[in-house]
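A short write-up of the structure that comes next.
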Amino acid sequence: MDRKTIAFIGGGNMGEAIISKMVSSDWKGTDIHVIDHNEERLEHLASAYGVHTHKEPGSWLAEIDAVVLAVKPQQLPDAINASKEWIEDALVISIAAGVRVKDLEAMIGHNCICRTMPNTPMKIGLGVCGLYSTPEAEPDHRFIVKVFAACGDLIWCTKEEELDGVTAISGSGPAYVFRFIEALTEAGLRYGFNDVQAKRMAIATVLGSAELAKRSGESPSVLREKVTSKGGTTYEALKVMNDRHFMEMMQDAMDACKKRAVELGDAFHESVEASNK
Ligand SMILES: NC(=O)c1ccc[n+]([C@@H]2O[C@H](COP(=O)([O-])OP(=O)(O)OC[C@H]3O[C@@H](n4cnc5c(N)ncnc54)[C@H](OP(=O)(O)O)[C@@H]3O)[C@@H](O)[C@H]2O)c1
């Protein structure tokens, strides 16, 4: 099926981030619809991106080719119930964290579904989005890529469980990097730089290193070794990190994140089962 139009159920932070990147690429605002409770949000989205806006779903939704579920996980059952009768033929794309395909299928009533895990840098087109689709949605992969193409890097998962790993690395990853920037900034302040200088130094260091890692043909460990001569200054800093088990700490942090993603998925599944009894 050749899909063209799309409706977002939820026009909040993430919904707007995706829409803004879509209209900055080759999407027309007139092919995009947004349903949201919040009238102010709708006015903002209509004027900023030229999209169609709706306070409620309705029979018009049956004409739309794809639906993006962009509400909080706990809002999902109500949002799907209100739209269900009109999305029988739509490709359904979910960005709800931790909500599994089998639970989406149970709520929607069909399995043409793509589950995604985006992250916040996609607001500036530098995000990472993990995607997993059912076989039924495979013919729609080109359309799905068109939705997220301007958001950043797309990582297709072959198994749904891989999305828990995406959550632990790139989904929550921006928070780890922001924490690291906070640490560099704090050192800058301790060493007598002002707030602006400390922040600039910290951000430029992370940005420049990430860009170098991306552009250089060398691995991050080789790049690290190149700034680390034995007995030198960087060597001393990395020795402290090693003594404090930096790598193990990071692995433990990501394992804890991944475990929580599984637990939240289980809890959502149990709530769906309970409401079906
Ligand atoms: N933030 C992240 O880093 C991140 C990363 C990956 C995935 N996600 C996922 O993205 C999803 C959206 O998160 P968000 O931060 O964009 O949430 P958000 O800012 O709260 O946006 C959700 C919007 O949907 C509206 N809404 C709620 N129920 C609705 C319904 N039944 N019909 C129509 N509109 C409805 C909300 O209105 P009210 O406020 O009036 O309820 C709100 O405007 C979540 O499932 C989250 O797990 C977020």
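Simple scheme: letters A, B, ... for chains in structure tokens order, numbers from 1 for residues in each chain, numbers from 1 for ligands in the order shown.
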Counting only C-alpha atoms and all ligand atoms, what residues are within 7 Å of ligand 1, given as a count of residues only? 29
Can you tell me, as a list in words, what residues are no more than 12 Å from stretch 238-248 of chain A when counting only C-alpha atoms, ignoring any on the same chain fewer than 5 positions away?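 Once the nearby chain positions are removed, what remains is Arg224, Glu225, Val227, Thr228, Ser229, Lys230, Gly231, Gly232, Thr233, Ala253, Met254 and Asp255 of chain A.
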Excluding A:His269 and its own-chain neighbours fewer than 5 positions away, which residues fall within 8 Å of it when counting only C-alpha atoms? Please give them as a list in words.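 Near neighbours after the sequence-gap exclusion: Val99, Arg100 and Asp103 of chain A.
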Write out as a PyMOL selection string the set of residues from stretch 22-263 of chain A that DSSP, computed on the backbone, places in strand (DSSP E or B). chain A and resi 32-35+52-54+66-69+91-94+113-117+127-133+152-156
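For the choices A:Ile181, A:Ala175, A:Ala150, A:Leu163, the atom-to-atom distance to A:Val262 is smallest for A:Leu163 when using only C-alpha atoms.
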Find the residues near stretch 185-190 of chain A: any atom within 10 Å, counting only C-alpha atoms, skip ones fewer than 5 places away on the same chain, and give them as a PyMOL selection string. chain A and resi 179-180+195-203
Go ahead and write the selection's residues with C-alpha atoms as a short mmCIF file (atom, residue, chain, number, x, y, z; two decimals), in the first residue's frame.
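Below is the file that was written, out.cif:
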data_model
loop_
_atom_site.label_atom_id
_atom_site.label_comp_id
_atom_site.auth_asym_id
_atom_site.auth_seq_id
_atom_site.Cartn_x
_atom_site.Cartn_y
_atom_site.Cartn_z
CA ARG A 179 25.90 14.26 33.47
CA PHE A 180 29.42 14.07 32.02
CA ASP A 195 29.93 29.78 34.24
CA VAL A 196 29.86 30.62 30.51
CA GLN A 197 33.50 29.65 29.94
CA ALA A 198 33.16 26.43 31.98
CA LYS A 199 30.06 25.35 30.05
CA ARG A 200 31.58 26.27 26.67
CA MET A 201 34.71 24.27 27.41
CA ALA A 202 32.72 21.24 28.57
CA ILE A 203 30.30 21.20 25.64
#
As a PyMOL selection string, please: the residues near stretch 83-93 of chain A (cut-off 10 Å, only C-alpha atoms, same-chain neighbours under 3 positions excluded). chain A and resi 1+3+5-9+56-70+78-80+96+104-105+107-116+131-133+136-137+140+143-144+147
Non-local contacts of stretch 168-170 of chain A (7 Å; only C-alpha atoms; under 3 positions in same chain excluded) as a count of residues only: 9
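Going from atom CA of A:Leu207 over to atom CA of A:Thr234, you cover 18.5 Å.
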